[in-house]
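Chemist: Just entry_35.txt, nothing more (compact mmCIF, C-alpha atoms):
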# COMPACT_ATOMS: atom_id res chain seq x y z
CA MET A 1 151.55 -32.57 116.89
CA ASN A 2 154.39 -30.03 116.89
CA LEU A 3 157.12 -32.03 118.60
CA LEU A 4 159.97 -29.68 117.81
CA GLY A 5 160.73 -26.40 119.47
CA ARG A 6 158.16 -26.85 122.26
CA SER A 7 159.15 -26.30 125.89
CA VAL A 8 157.88 -28.62 128.61
CA GLY A 9 158.57 -29.09 132.30
CA LEU A 10 160.32 -32.32 133.22
CA ALA A 11 159.98 -34.05 136.58
CA LEU A 12 163.21 -35.40 138.00
CA ALA A 13 163.24 -36.25 141.70
CA GLY A 14 160.10 -34.16 141.89
CA ALA A 15 161.67 -30.78 141.13
CA LEU A 16 164.10 -30.48 138.20
CA LEU A 17 163.25 -27.48 136.02
CA PHE A 18 163.70 -27.30 132.29
CA PHE A 19 166.12 -24.56 131.20
CA ALA A 20 165.33 -23.14 127.76
CA CYS A 21 168.83 -21.88 126.99
CA GLU A 22 170.24 -20.88 123.62
CA ASP A 23 173.61 -22.31 124.67
CA PRO A 24 173.34 -25.87 126.06
CA SER A 25 176.44 -25.28 128.20
CA GLU A 26 174.41 -22.86 130.31
CA ILE A 27 172.41 -25.78 131.65
CA GLY A 28 175.51 -27.20 133.24
CA GLU A 29 176.24 -23.83 134.81
CA GLU A 30 172.72 -23.58 136.24
CA LEU A 31 172.92 -27.04 137.76
CA GLY A 32 176.35 -26.34 139.25
CA SER A 33 177.42 -28.96 141.78
CA ASN A 34 173.95 -30.55 141.63
CA ARG A 35 174.68 -31.71 138.11
CA ASP A 36 176.77 -34.65 139.28
CA LYS A 37 174.34 -35.45 142.10
CA LEU A 38 171.47 -35.59 139.66
CA GLY A 39 173.45 -37.71 137.24
CA VAL A 40 173.10 -35.26 134.37
CA GLN A 41 175.52 -36.00 131.56
CA PHE A 42 176.36 -34.25 128.30
CA ALA A 43 176.82 -35.71 124.84
CA GLU A 44 177.42 -34.15 121.43
CA ILE A 45 176.22 -36.47 118.67
CA ILE A 46 176.57 -36.13 114.90
CA VAL A 47 173.09 -36.67 113.45
CA PRO A 48 173.26 -39.10 110.49
CA THR A 49 172.01 -37.16 107.46
CA THR A 50 171.61 -38.05 103.80
CA ASN A 51 170.27 -36.29 100.73
CA VAL A 52 166.94 -37.14 99.12
CA LEU A 53 165.53 -36.22 95.73
CA LEU A 54 161.91 -35.02 95.71
CA ASP A 55 159.81 -36.44 92.90
CA SER A 56 158.52 -32.95 92.05
CA VAL A 57 158.42 -29.36 93.22
CA ILE A 58 155.16 -27.47 92.63
CA THR A 59 155.85 -23.93 91.45
CA THR A 60 152.37 -22.80 90.43
CA SER A 61 151.26 -19.34 91.46
CA ARG A 62 147.70 -18.16 90.88
CA ASP A 63 145.21 -15.70 92.27
CA THR A 64 142.32 -18.16 91.80
CA PRO A 65 140.99 -20.65 92.71
CA LEU A 66 143.41 -21.42 95.56
CA GLY A 67 143.87 -17.80 96.52
CA ASP A 68 147.64 -18.08 97.05
CA PHE A 69 148.65 -15.36 94.62
CA SER A 70 151.29 -13.09 96.13
CA SER A 71 153.22 -10.15 94.71
CA ASP A 72 156.46 -11.32 96.37
CA VAL A 73 156.63 -14.43 94.19
CA SER A 74 159.37 -13.66 91.67
CA MET A 75 159.22 -14.48 87.99
CA LEU A 76 162.60 -16.19 87.64
CA THR A 77 164.80 -16.04 84.54
CA GLY A 78 168.42 -16.83 83.70
CA GLY A 79 170.86 -19.30 85.15
CA TYR A 80 174.23 -19.84 86.77
CA ASP A 81 176.86 -22.52 87.30
CA ASP A 82 176.82 -23.47 90.96
CA PRO A 83 180.26 -24.66 92.12
CA PHE A 84 178.63 -27.37 94.24
CA THR A 85 175.30 -28.36 92.72
CA GLY A 86 175.87 -27.73 89.01
CA ARG A 87 174.04 -25.64 86.42
CA ILE A 88 170.70 -24.11 87.43
CA ASP A 89 168.40 -22.52 84.81
CA ALA A 90 165.06 -20.79 85.32
CA VAL A 91 162.23 -19.79 82.97
CA THR A 92 158.90 -18.15 83.82
CA PHE A 93 155.67 -19.02 82.01
CA THR A 94 152.83 -16.59 82.64
CA LYS A 95 149.37 -15.62 81.50
CA LEU A 96 148.19 -12.04 81.08
CA PHE A 97 144.99 -10.54 82.42
CA VAL A 98 143.04 -7.31 82.50
CA SER A 99 142.27 -5.75 85.87
CA ASP A 100 140.99 -2.38 84.62
CA THR A 101 138.91 -2.50 81.43
CA SER A 102 138.44 1.24 81.08
CA SER A 103 140.02 2.64 77.91
CA ASN A 104 139.71 5.45 75.36
CA LEU A 105 140.32 3.18 72.38
CA GLU A 106 138.63 4.50 69.21
CA ALA A 107 138.18 3.32 65.66
CA GLY A 108 141.09 4.48 63.54
CA ASP A 109 143.68 4.28 66.34
CA GLN A 110 147.12 3.31 65.09
CA PHE A 111 149.81 1.35 66.85
CA ASP A 112 152.75 3.26 68.37
CA SER A 113 154.62 0.83 70.64
CA LEU A 114 154.31 -2.09 73.05
CA ILE A 115 156.32 -1.78 76.27
CA LEU A 116 157.06 -4.42 78.91
CA ASP A 117 157.98 -2.93 82.28
CA MET A 118 159.12 -5.08 85.23
CA GLY A 119 160.90 -4.35 88.49
CA ILE A 120 163.74 -6.59 89.71
CA ASN A 121 163.29 -7.89 93.26
CA TYR A 122 165.67 -10.86 93.50
CA THR A 123 169.02 -12.07 92.18
CA TYR A 124 170.90 -15.30 92.83
CA GLY A 125 174.09 -16.49 91.20
CA ILE A 126 177.71 -15.62 90.45
CA ASP A 127 177.85 -12.54 88.22
CA THR A 128 175.84 -9.56 89.38
CA LEU A 129 177.50 -7.08 87.02
CA GLY A 130 176.18 -8.47 83.75
CA PRO A 131 175.29 -7.75 81.13
CA HIS A 132 172.22 -9.96 81.51
CA LYS A 133 169.62 -10.82 78.93
CA LEU A 134 165.87 -11.21 78.87
CA ARG A 135 164.15 -12.92 75.96
CA VAL A 136 160.35 -12.80 75.66
CA TYR A 137 158.39 -15.44 73.77
CA GLN A 138 154.70 -15.75 72.99
CA LEU A 139 153.33 -19.14 73.98
CA ALA A 140 151.73 -21.50 71.49
CA ASP A 141 149.07 -22.64 73.97
CA THR A 142 147.29 -21.02 76.88
CA ILE A 143 148.31 -22.07 80.39
CA THR A 144 145.30 -23.79 81.93
CA SER A 145 144.23 -23.47 85.53
CA LEU A 146 141.39 -25.98 85.55
CA VAL A 147 140.32 -29.05 83.62
CA GLY A 148 136.67 -29.36 84.52
CA THR A 149 136.73 -29.02 88.29
CA GLU A 150 140.27 -30.37 88.66
CA VAL A 151 142.91 -27.83 89.67
CA LEU A 152 146.09 -28.23 87.63
CA GLU A 153 149.53 -27.78 89.12
CA TYR A 154 152.79 -26.98 87.37
CA PHE A 155 156.19 -28.19 88.48
CA ASN A 156 159.83 -27.18 88.35
CA ASP A 157 160.29 -29.37 85.26
CA SER A 158 157.06 -28.32 83.46
CA ALA A 159 157.29 -26.45 80.14
CA GLU A 160 155.09 -24.79 77.53
CA PRO A 161 155.53 -24.81 73.73
CA LEU A 162 156.78 -21.52 72.30
CA LEU A 163 155.21 -19.81 69.29
CA ARG A 164 157.65 -16.99 68.50
CA GLN A 165 160.12 -14.61 70.05
CA ILE A 166 158.67 -11.14 70.47
CA GLY A 167 161.41 -9.29 72.35
CA GLU A 168 164.97 -9.26 73.63
CA ALA A 169 166.91 -6.85 75.82
CA ASP A 170 170.28 -6.61 77.54
CA PHE A 171 170.53 -5.04 80.98
CA ALA A 172 173.30 -4.52 83.51
CA ASP A 173 171.46 -3.16 86.53
CA SER A 174 170.29 -6.13 88.58
CA THR A 175 168.56 -4.01 91.23
CA GLY A 176 166.31 -1.60 89.34
CA ARG A 177 163.73 -1.92 86.56
CA LEU A 178 163.76 -3.33 83.07
CA THR A 179 161.74 -1.54 80.39
CA MET A 180 161.84 -3.05 76.93
CA LYS A 181 160.04 -2.59 73.62
CA LEU A 182 158.38 -5.68 72.17
CA ASP A 183 157.92 -6.74 68.55
CA THR A 184 156.04 -4.27 66.36
CA GLN A 185 154.18 -6.95 64.40
CA PHE A 186 152.91 -8.54 67.59
CA GLY A 187 151.83 -5.12 68.87
CA GLU A 188 149.95 -4.33 65.69
CA GLU A 189 148.16 -7.67 65.84
CA LEU A 190 147.23 -7.03 69.47
CA LEU A 191 145.79 -3.58 68.70
CA ALA A 192 143.84 -4.97 65.74
CA GLU A 193 142.23 -7.58 68.01
CA MET A 194 141.43 -4.92 70.60
CA LEU A 195 139.68 -2.81 67.97
CA ALA A 196 137.89 -5.67 66.23
CA ASN A 197 136.96 -7.99 69.09
CA SER A 198 137.47 -5.95 72.30
CA ILE A 199 139.78 -8.60 73.76
CA HIS A 200 141.02 -6.02 76.31
CA GLN A 201 137.54 -6.01 77.86
CA ASP A 202 137.33 -9.71 78.68
CA ASN A 203 140.03 -12.12 79.87
CA ALA A 204 138.11 -14.98 78.26
CA LEU A 205 138.80 -13.31 74.90
CA LEU A 206 142.31 -12.08 75.74
CA ASN A 207 143.92 -15.38 76.68
CA PRO A 208 143.01 -17.35 73.53
CA PHE A 209 144.72 -14.64 71.47
CA ILE A 210 147.85 -13.81 73.48
CA LYS A 211 147.99 -17.22 75.19
CA GLY A 212 150.86 -16.14 77.45
CA PHE A 213 154.53 -15.28 77.67
CA ALA A 214 157.76 -17.07 78.49
CA PHE A 215 160.62 -15.10 80.04
CA MET A 216 164.11 -16.58 79.79
CA GLY A 217 167.72 -15.50 80.00
CA ASP A 218 170.84 -16.49 78.08
CA PRO A 219 172.32 -20.04 78.27
CA ALA A 220 175.69 -18.56 79.22
CA GLN A 221 174.28 -16.28 81.91
CA GLN A 222 175.68 -16.48 85.44
CA LEU A 223 172.79 -14.94 87.36
CA ILE A 224 169.15 -15.77 87.98
CA VAL A 225 167.04 -12.62 88.06
CA GLY A 226 163.63 -12.42 89.70
CA PHE A 227 161.08 -9.92 88.44
CA GLU A 228 158.33 -8.68 90.71
CA ASN A 229 154.67 -9.03 89.94
CA ASN A 230 152.51 -6.20 91.21
CA ASP A 231 150.54 -3.21 89.95
CA ASN A 232 153.76 -1.61 88.65
CA THR A 233 154.52 -4.58 86.42
CA GLY A 234 152.82 -5.07 83.10
CA LEU A 235 152.51 -4.77 79.35
CA THR A 236 151.41 -1.37 78.02
CA ILE A 237 150.27 -0.75 74.46
CA TYR A 238 150.47 2.82 73.11
CA TYR A 239 148.27 4.01 70.25
CA SER A 240 147.05 7.27 68.74
CA GLN A 241 144.86 8.81 66.07
CA PRO A 242 146.59 10.07 62.91
CA GLY A 243 147.97 13.52 63.61
CA ASP A 244 147.85 13.20 67.41
CA THR A 245 150.93 14.50 69.24
CA GLU A 246 150.36 12.34 72.33
CA ALA A 247 149.64 8.62 72.51
CA SER A 248 146.98 6.93 74.59
CA SER A 249 147.69 3.69 76.40
CA PHE A 250 146.18 0.53 77.83
CA LYS A 251 147.86 -1.76 80.36
CA PHE A 252 147.71 -5.54 80.69
CA ASN A 253 148.83 -7.21 83.92
CA LEU A 254 151.03 -10.29 84.25
CA GLY A 255 150.76 -13.35 86.37
CA SER A 256 147.13 -14.31 87.01
CA LEU A 257 148.52 -17.82 86.54
CA ARG A 258 152.22 -18.52 86.21
CA TYR A 259 154.97 -20.87 87.24
CA ASN A 260 158.74 -21.08 87.33
CA GLN A 261 160.53 -23.85 85.51
CA ILE A 262 163.77 -24.53 87.44
CA LEU A 263 166.08 -27.17 86.00
CA GLY A 264 169.36 -28.50 87.36
CA ASN A 265 172.22 -30.29 85.63
CA ARG A 266 174.18 -32.20 88.29
CA ILE A 267 176.59 -33.95 85.92
CA GLY A 268 180.13 -33.76 87.30
CA THR A 269 179.01 -32.93 90.85
CA SER A 270 178.79 -35.04 94.00
CA LEU A 271 175.02 -35.15 93.44
CA GLU A 272 175.24 -36.69 89.96
CA GLY A 273 174.23 -40.11 91.28
CA ILE A 274 171.02 -38.99 92.99
CA THR A 275 168.34 -40.11 90.54
CA GLU A 276 165.76 -42.16 92.44
CA PRO A 277 163.16 -40.08 94.33
CA TYR A 278 163.00 -40.47 98.11
CA THR A 279 165.95 -42.86 98.25
CA SER A 280 168.63 -41.95 100.79
CA PHE A 281 171.79 -40.81 98.99
CA ASP A 282 175.24 -40.16 100.44
CA PRO A 283 177.14 -37.62 98.29
CA GLY A 284 180.36 -39.26 99.51
CA ASP A 285 182.33 -36.02 99.84
CA GLY A 286 181.61 -35.23 103.48
CA PHE A 287 178.95 -32.63 102.68
CA ILE A 288 175.16 -32.44 102.78
CA TYR A 289 173.31 -30.31 100.24
CA SER A 290 170.05 -28.41 100.10
CA GLN A 291 168.94 -27.14 96.67
CA GLU A 292 165.19 -27.29 97.06
CA ALA A 293 164.51 -25.64 93.72
CA ILE A 294 165.70 -28.78 91.94
CA GLY A 295 164.33 -31.15 94.58
CA ILE A 296 167.51 -31.79 96.62
CA VAL A 297 166.78 -31.82 100.37
CA PRO A 298 168.50 -33.23 103.50
CA VAL A 299 166.90 -35.87 105.73
CA MET A 300 168.15 -36.36 109.30
CA ASP A 301 167.76 -39.74 111.01
CA PHE A 302 167.30 -39.79 114.80
CA SER A 303 166.83 -43.57 115.05
CA PHE A 304 170.08 -43.73 117.02
CA LEU A 305 168.03 -42.49 119.98
CA THR A 306 166.20 -45.82 120.14
CA SER A 307 169.58 -47.55 120.55
CA LEU A 308 170.47 -45.08 123.29
CA SER A 309 167.30 -45.91 125.21
CA ASP A 310 168.10 -49.62 124.85
CA THR A 311 171.66 -49.07 126.11
CA ILE A 312 170.93 -46.70 129.00
CA SER A 313 167.91 -47.75 131.03
CA ASN A 314 165.33 -45.13 131.96
CA VAL A 315 167.23 -42.39 130.11
CA PHE A 316 165.51 -39.11 129.49
CA ALA A 317 166.52 -35.82 127.93
CA VAL A 318 166.99 -32.88 130.24
CA SER A 319 167.68 -30.67 127.24
CA SER A 320 168.51 -31.27 123.59
CA GLN A 321 169.46 -28.74 120.95
CA LEU A 322 169.82 -29.41 117.23
CA LEU A 323 172.58 -27.41 115.54
CA ILE A 324 173.00 -26.95 111.80
CA GLU A 325 175.92 -24.57 111.79
CA GLY A 326 179.11 -23.77 109.92
CA LEU A 327 177.59 -23.66 106.44
CA GLU A 328 179.97 -23.37 103.51
CA VAL A 329 180.11 -19.82 102.18
CA SER A 330 180.53 -19.44 98.41
CA GLU A 331 181.71 -16.42 96.49
CA GLY A 332 179.07 -14.24 94.89
CA ARG A 333 175.41 -13.96 95.77
CA LEU A 334 174.84 -17.57 96.84
CA ALA A 335 173.29 -16.78 100.22
CA PRO A 336 171.73 -19.60 102.28
CA PRO A 337 168.00 -19.56 103.04
CA SER A 338 166.97 -16.86 105.50
CA ASN A 339 164.97 -19.54 107.31
CA ILE A 340 164.34 -23.27 107.32
CA TYR A 341 161.78 -25.56 108.91
CA PHE A 342 161.32 -29.28 109.48
CA LEU A 343 158.96 -31.97 108.22
CA LEU A 344 158.54 -35.40 109.79
CA THR A 345 158.81 -38.17 107.20
CA ASP A 346 157.84 -41.81 107.06
CA ASP A 347 160.39 -44.63 106.69
CA THR A 348 160.55 -44.02 102.93
CA ASN A 349 161.60 -40.37 103.39
CA ARG A 350 158.24 -39.00 102.23
CA PRO A 351 157.10 -35.94 104.22
CA ILE A 352 153.94 -36.42 106.24
CA GLU A 353 153.70 -33.61 108.80
CA VAL A 354 155.07 -30.13 109.48
CA ALA A 355 157.12 -30.46 112.66
CA SER A 356 158.47 -27.01 113.49
CA GLY A 357 158.13 -23.30 113.07
CA LEU A 358 160.67 -21.21 111.20
CA LEU A 359 164.33 -21.30 112.17
CA LEU A 360 166.03 -18.03 111.27
CA PHE A 361 169.56 -17.98 109.87
CA ASN A 362 172.12 -16.85 112.46
CA GLU A 363 174.98 -14.91 110.88
CA GLU A 364 177.22 -15.35 113.95
CA THR A 365 177.08 -19.15 113.90
CA ASN A 366 176.47 -19.29 110.13
CA GLY A 367 173.57 -21.65 110.58
CA TYR A 368 170.42 -22.59 112.46
CA ALA A 369 169.54 -23.98 115.89
CA LEU A 370 166.42 -25.39 117.53
CA ASP A 371 165.46 -26.90 120.86
CA VAL A 372 164.28 -30.48 120.19
CA THR A 373 163.95 -31.73 123.76
CA THR A 374 160.34 -32.84 123.44
CA PHE A 375 160.98 -34.68 120.18
CA VAL A 376 164.01 -36.48 121.65
CA GLN A 377 162.17 -37.40 124.83
CA GLU A 378 159.21 -38.82 122.89
CA ILE A 379 161.57 -41.12 120.96
CA LEU A 380 163.44 -42.18 124.10
CA ARG A 381 160.16 -43.05 125.78
CA GLY A 382 158.98 -45.04 122.76
CA ARG A 383 156.04 -42.72 122.14
CA GLU A 384 157.30 -41.48 118.75
CA ASP A 385 158.42 -43.89 116.05
CA ARG A 386 158.89 -41.29 113.30
CA THR A 387 162.59 -40.64 113.61
CA LYS A 388 163.36 -38.94 110.28
CA ILE A 389 163.18 -35.20 109.68
CA MET A 390 163.41 -33.44 106.32
CA ILE A 391 164.88 -29.94 106.15
CA PHE A 392 162.93 -27.50 104.01
CA SER A 393 163.85 -23.92 103.21
CA ASN A 394 160.44 -22.84 101.98
CA GLN A 395 157.56 -22.81 104.41
CA THR A 396 154.17 -23.98 103.29
CA GLU A 397 150.91 -24.14 105.20
CA GLU A 398 149.39 -26.73 102.90
CA PHE A 399 151.95 -29.49 102.45
CA PRO A 400 152.82 -30.96 99.98
CA ARG A 401 152.10 -27.77 98.06
CA ILE A 402 155.36 -25.82 97.89
CA ASN A 403 154.78 -22.14 97.28
CA PRO A 404 157.35 -20.67 94.86
CA ARG A 405 158.68 -17.96 97.14
CA ARG A 406 161.85 -16.11 96.28
CA SER A 407 163.80 -18.18 98.81
CA LEU A 408 163.14 -21.33 96.79
CA LEU A 409 166.47 -20.95 94.93
CA ASN A 410 168.62 -20.30 97.99
CA ARG A 411 170.68 -23.35 98.82
CA PHE A 412 173.08 -24.39 101.54
CA ILE A 413 176.03 -26.75 101.79
CA ILE A 414 177.26 -28.01 105.13
CA PRO A 415 179.87 -30.54 106.30
CA SER A 416 177.90 -33.58 107.44
CA GLU A 417 179.71 -33.50 110.78
CA ASN A 418 178.25 -30.03 111.46
CA ILE A 419 174.71 -31.38 111.78
CA LYS A 420 174.72 -32.42 115.40
CA MET A 421 172.74 -32.61 118.59
CA ARG A 422 173.93 -31.39 121.98
CA MET A 423 172.14 -33.27 124.68
CA PHE A 424 171.99 -33.19 128.47
CA TYR A 425 170.47 -36.43 129.72
CA SER A 426 169.98 -38.41 132.90
CA ASN A 427 169.05 -41.94 133.86
CA PRO A 428 167.44 -41.77 137.32
CA ASN A 429 166.72 -45.11 138.93
Kindly return the structure encoded in the file as structure tokens.
Modeler:
Amino acid sequence: MNLLGRSVGLALAGALLFFACEDPSEIGEELGSNRDKLGVQFAEIIVPTTNVLLDSVITTSRDTPLGDFSSDVSMLTGGYDDPFTGRIDAVTFTKLFVSDTSSNLEAGDQFDSLILDMGINYTYGIDTLGPHKLRVYQLADTITSLVGTEVLEYFNDSAEPLLRQIGEADFADSTGRLTMKLDTQFGEELLAEMLANSIHQDNALLNPFIKGFAFMGDPAQQLIVGFENNDNTGLTIYYSQPGDTEASSFKFNLGSLRYNQILGNRIGTSLEGITEPYTSFDPGDGFIYSQEAIGIVPVMDFSFLTSLSDTISNVFAVSSQLLIEGLEVSEGRLAPPSNIYFLLTDDTNRPIEVASGLLLFNEETNGYALDVTTFVQEILRGREDRTKIMIFSNQTEEFPRINPRRSLLNRFIIPSENIKMRMFYSNPN
């Protein structure tokens, strides 16, 4: 049941209408002098909120067998020192695949060059000017999608063994494209396998040879860069016959199966003590944090509403609005999520049900807002005993699978007192 953000009519003295207003104060204006007669009162309540550590964040992206492959999922590399949540580092592990097997490869072709070309579609961090670095490694083992019939998932702390470095490039432009030449020896080996065993004609032959790539930045880097994965991204090998003036080429695609490793080092921050998954944690500095990429999420607790219903007999909500506004703004490109949504949790803070649609970030209020009248009324009436709500910044249709969208890195920090509920209520007798 979607209890949040759903409008309903409420019956008070047979005829009180529900006003779906963006500003709760407008309800008082609509009621005018009848507000006192109807016994409608207003309260602004700070919603108790703590931080919780997720036990894992799935970052797998594949085109089969789950069919969730998407070109807007960035391949993340690099890192930065977050002034609030500590050091964040990202590495992409990816397989290669062949989508078009047509080629003019002939016996006697000689290697010319091997070029990796990727467009940049996302940046997050402190230093956008650079220079930035991309290092490319060949993997020692192939990333596996299935073991028998079991679908494997990869997580933000997963890793693959590296075989050798096959490329490195510096770049300053964090908005354009990166084109870099890879290791000649690796390119020659690849062409030899193409000529001898036709590995470019069959992915089942290609993957055991190449195995896959790892993309990573520099340990001192202050920016995470996301590379797009679409038809314009790929690995192109150039070759020619002796004496030819023009080279022929063949392109391999990236990302038939890939994942982002995203690690956080919280030492020295207010979140250093959060180590036990799903245990409520108070940072102790007056702030609440959301850094979903490393498993840090807020959980709001509305159990105070049960005490309100015990204190005020027959109370019901005329209108209730949840406000998460006044986020802390950091220097650099540390933008908050463009949207958030809510998940109901059980008593142990484990998510069990999607509870809202998307809440878009409001630049004027520097936050998010949602009508929660139905949810509040269900608790007051004793018809809803799930009183905890987790804030997510990365929508998923198949929870607990968390799709690694570009917004996964975006975090927010908010004073705990700025998570509050504005409520018009009445207690007719």
Chemist: Which one of A:Ile143, A:Ile88, A:Leu254, A:Val40 sits closest to Phe227 (chain A) if you count only C-alpha atoms?
Modeler: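 Between A:Ile143, A:Ile88, A:Leu254, A:Val40, the residue approaching Phe227 (chain A) most closely is A:Leu254.
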Chemist: So, counting all atoms listed in the file, which residue among A:Met118, A:Val225, A:Leu129, A:Val329 is closest to Phe84 (chain A)?
Modeler: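 Checking each of A:Met118, A:Val225, A:Leu129, A:Val329 against Phe84 (chain A), counting all atoms listed in the file, the winner is A:Val329.
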Chemist: Rank A:Ala43, A:Leu360, A:Ile262, A:Ala369 by their smallest atom-to-atom distance to Ile58 (chain A), using all atoms listed in the file, and report the top residue only.
Modeler: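 Of the candidates, the smallest distance to Ile58 (chain A) is held by A:Ile262.
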Chemist: Nearest to Met75 (chain A) among A:Ile237, A:Ile414, A:Ile166, A:Met216, with distances taken over only C-alpha atoms: which residue is it?
Modeler: A:Met216
Chemist: Given all atoms listed in the file as the basis, pick out the residue of A:Glu189, A:Asp218, A:Glu364, A:Glu292 nearest to Glu168 (chain A).
Modeler: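 Under the stated criterion, the closest residue is A:Asp218.
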Chemist: One decimal, in Å: what's the spacing between CA of Thr279 (chain A) and CA of Pro48 (chain A)?
Modeler: 14.7 Å
Chemist: Between A:Glu150, A:Val354, A:Phe392, A:Ile288, single out the one closest to Ile340 (chain A), counting all atoms listed in the file.
Modeler: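 Closest residue, counting all atoms listed in the file: A:Phe392.
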Chemist: Please indicate the distance in Å from CA of Asp310 (chain A) to CA of Asp371 (chain A), rounded to one decimal place.
Modeler: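 These atoms are spaced 23.2 Å apart.
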Chemist: Do you have the CA of Val52 (chain A)-CA of Thr373 (chain A) distance handy?
Modeler: 25.4 Å
Chemist: Could you pull the residues within 6 Å of Glu228 (chain A), counting only C-alpha atoms, minus those fewer than 4 positions along the same chain, as JSON, numbers by chain?
Modeler: {"A": [74, 119, 120, 121]}
Chemist: Can you tell me which residues surround region 375-382 of chain A at a distance of at most 8 Å, considering only C-alpha atoms, apart from same-chain residues fewer than 4 positions away, and format the answer as a VMD selection string?
Modeler: chain A and resid 3 to 4 305 to 306 308 to 309 315 to 317 320 387
Chemist: Go ahead and save the picked residues with C-alpha atoms, as a CSV table (one decimal), keeping the file's coordinate frame.
Modeler:
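What landed in again.csv:
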chain,number,residue,atom,x,y,z
A,3,LEU,CA,157.1,-32.0,118.6
A,4,LEU,CA,160.0,-29.7,117.8
A,305,LEU,CA,168.0,-42.5,120.0
A,306,THR,CA,166.2,-45.8,120.1
A,308,LEU,CA,170.5,-45.1,123.3
A,309,SER,CA,167.3,-45.9,125.2
A,315,VAL,CA,167.2,-42.4,130.1
A,316,PHE,CA,165.5,-39.1,129.5
A,317,ALA,CA,166.5,-35.8,127.9
A,320,SER,CA,168.5,-31.3,123.6
A,387,THR,CA,162.6,-40.6,113.6
Chemist: So which residues touch region 132-136 of chain A within 7 Å, counting all atoms listed in the file, skipping near sequence neighbours fewer than 3 positions away, as a short mmCIF file (atom, residue, chain, number, x, y, z; two decimals) with C-alpha atoms, keeping the file's coordinate frame?
Modeler:
data_model
loop_
_atom_site.label_atom_id
_atom_site.label_comp_id
_atom_site.auth_asym_id
_atom_site.auth_seq_id
_atom_site.Cartn_x
_atom_site.Cartn_y
_atom_site.Cartn_z
CA GLN A 165 160.12 -14.61 70.05
CA ILE A 166 158.67 -11.14 70.47
CA GLY A 167 161.41 -9.29 72.35
CA GLU A 168 164.97 -9.26 73.63
CA ALA A 169 166.91 -6.85 75.82
CA ASP A 170 170.28 -6.61 77.54
CA PHE A 171 170.53 -5.04 80.98
CA ALA A 172 173.30 -4.52 83.51
CA PHE A 213 154.53 -15.28 77.67
CA ALA A 214 157.76 -17.07 78.49
CA PHE A 215 160.62 -15.10 80.04
CA MET A 216 164.11 -16.58 79.79
CA GLY A 217 167.72 -15.50 80.00
CA ASP A 218 170.84 -16.49 78.08
CA GLN A 221 174.28 -16.28 81.91
#
Chemist: List as a list of chain:residue names the protein and nucleic acid residues near Pro83 (chain A), meaning an atom at most 12 Å away when all atoms listed in the file are counted, but skip any in the same chain fewer than 6 places from it.
Modeler: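 Once the nearby chain positions are removed, what remains is A:Gly125, A:Ile126, A:Gln222, A:Asn265, A:Arg266, A:Ile267, A:Gly268, A:Thr269, A:Ser270, A:Leu271, A:Glu328, A:Val329, A:Ser330, A:Glu331, A:Gly332, A:Leu334, A:Arg411, A:Phe412, A:Ile413.
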Chemist: Which polymer residues have any atom within 9 Å of an atom of Leu359 (chain A), counting only C-alpha atoms, with same-chain residues fewer than 6 positions away left out, as number ranges by chain?
Modeler: A: 338-342, 368-370
Chemist: How about completing region 122-131 of chain A with N, CA and C atoms and giving it to me as a short mmCIF file (atom, residue, chain, number, x, y, z; two decimals), in the frame of the given file?
Modeler:
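Contents of rebuild25.cif, as written:
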data_model
loop_
_atom_site.label_atom_id
_atom_site.label_comp_id
_atom_site.auth_asym_id
_atom_site.auth_seq_id
_atom_site.Cartn_x
_atom_site.Cartn_y
_atom_site.Cartn_z
N TYR A 122 164.90 -9.71 92.99
CA TYR A 122 165.67 -10.86 93.50
C TYR A 122 166.76 -11.22 92.51
N THR A 123 167.94 -11.52 93.02
CA THR A 123 169.02 -12.07 92.18
C THR A 123 169.71 -13.19 92.95
N TYR A 124 170.17 -14.19 92.22
CA TYR A 124 170.90 -15.30 92.83
C TYR A 124 171.84 -15.88 91.79
N GLY A 125 173.12 -15.95 92.14
CA GLY A 125 174.09 -16.49 91.20
C GLY A 125 175.48 -15.94 91.42
N ILE A 126 176.29 -15.96 90.35
CA ILE A 126 177.71 -15.62 90.45
C ILE A 126 178.00 -14.19 90.01
N ASP A 127 177.49 -13.82 88.85
CA ASP A 127 177.85 -12.54 88.22
C ASP A 127 176.71 -11.55 88.34
N THR A 128 176.88 -10.56 89.20
CA THR A 128 175.84 -9.56 89.38
C THR A 128 176.03 -8.35 88.48
N LEU A 129 177.19 -8.26 87.82
CA LEU A 129 177.50 -7.08 87.02
C LEU A 129 176.90 -7.15 85.61
N GLY A 130 176.78 -8.34 85.08
CA GLY A 130 176.18 -8.47 83.75
C GLY A 130 177.18 -8.24 82.62
N PRO A 131 176.70 -7.98 81.40
CA PRO A 131 175.29 -7.75 81.13
C PRO A 131 174.46 -9.03 81.17
#
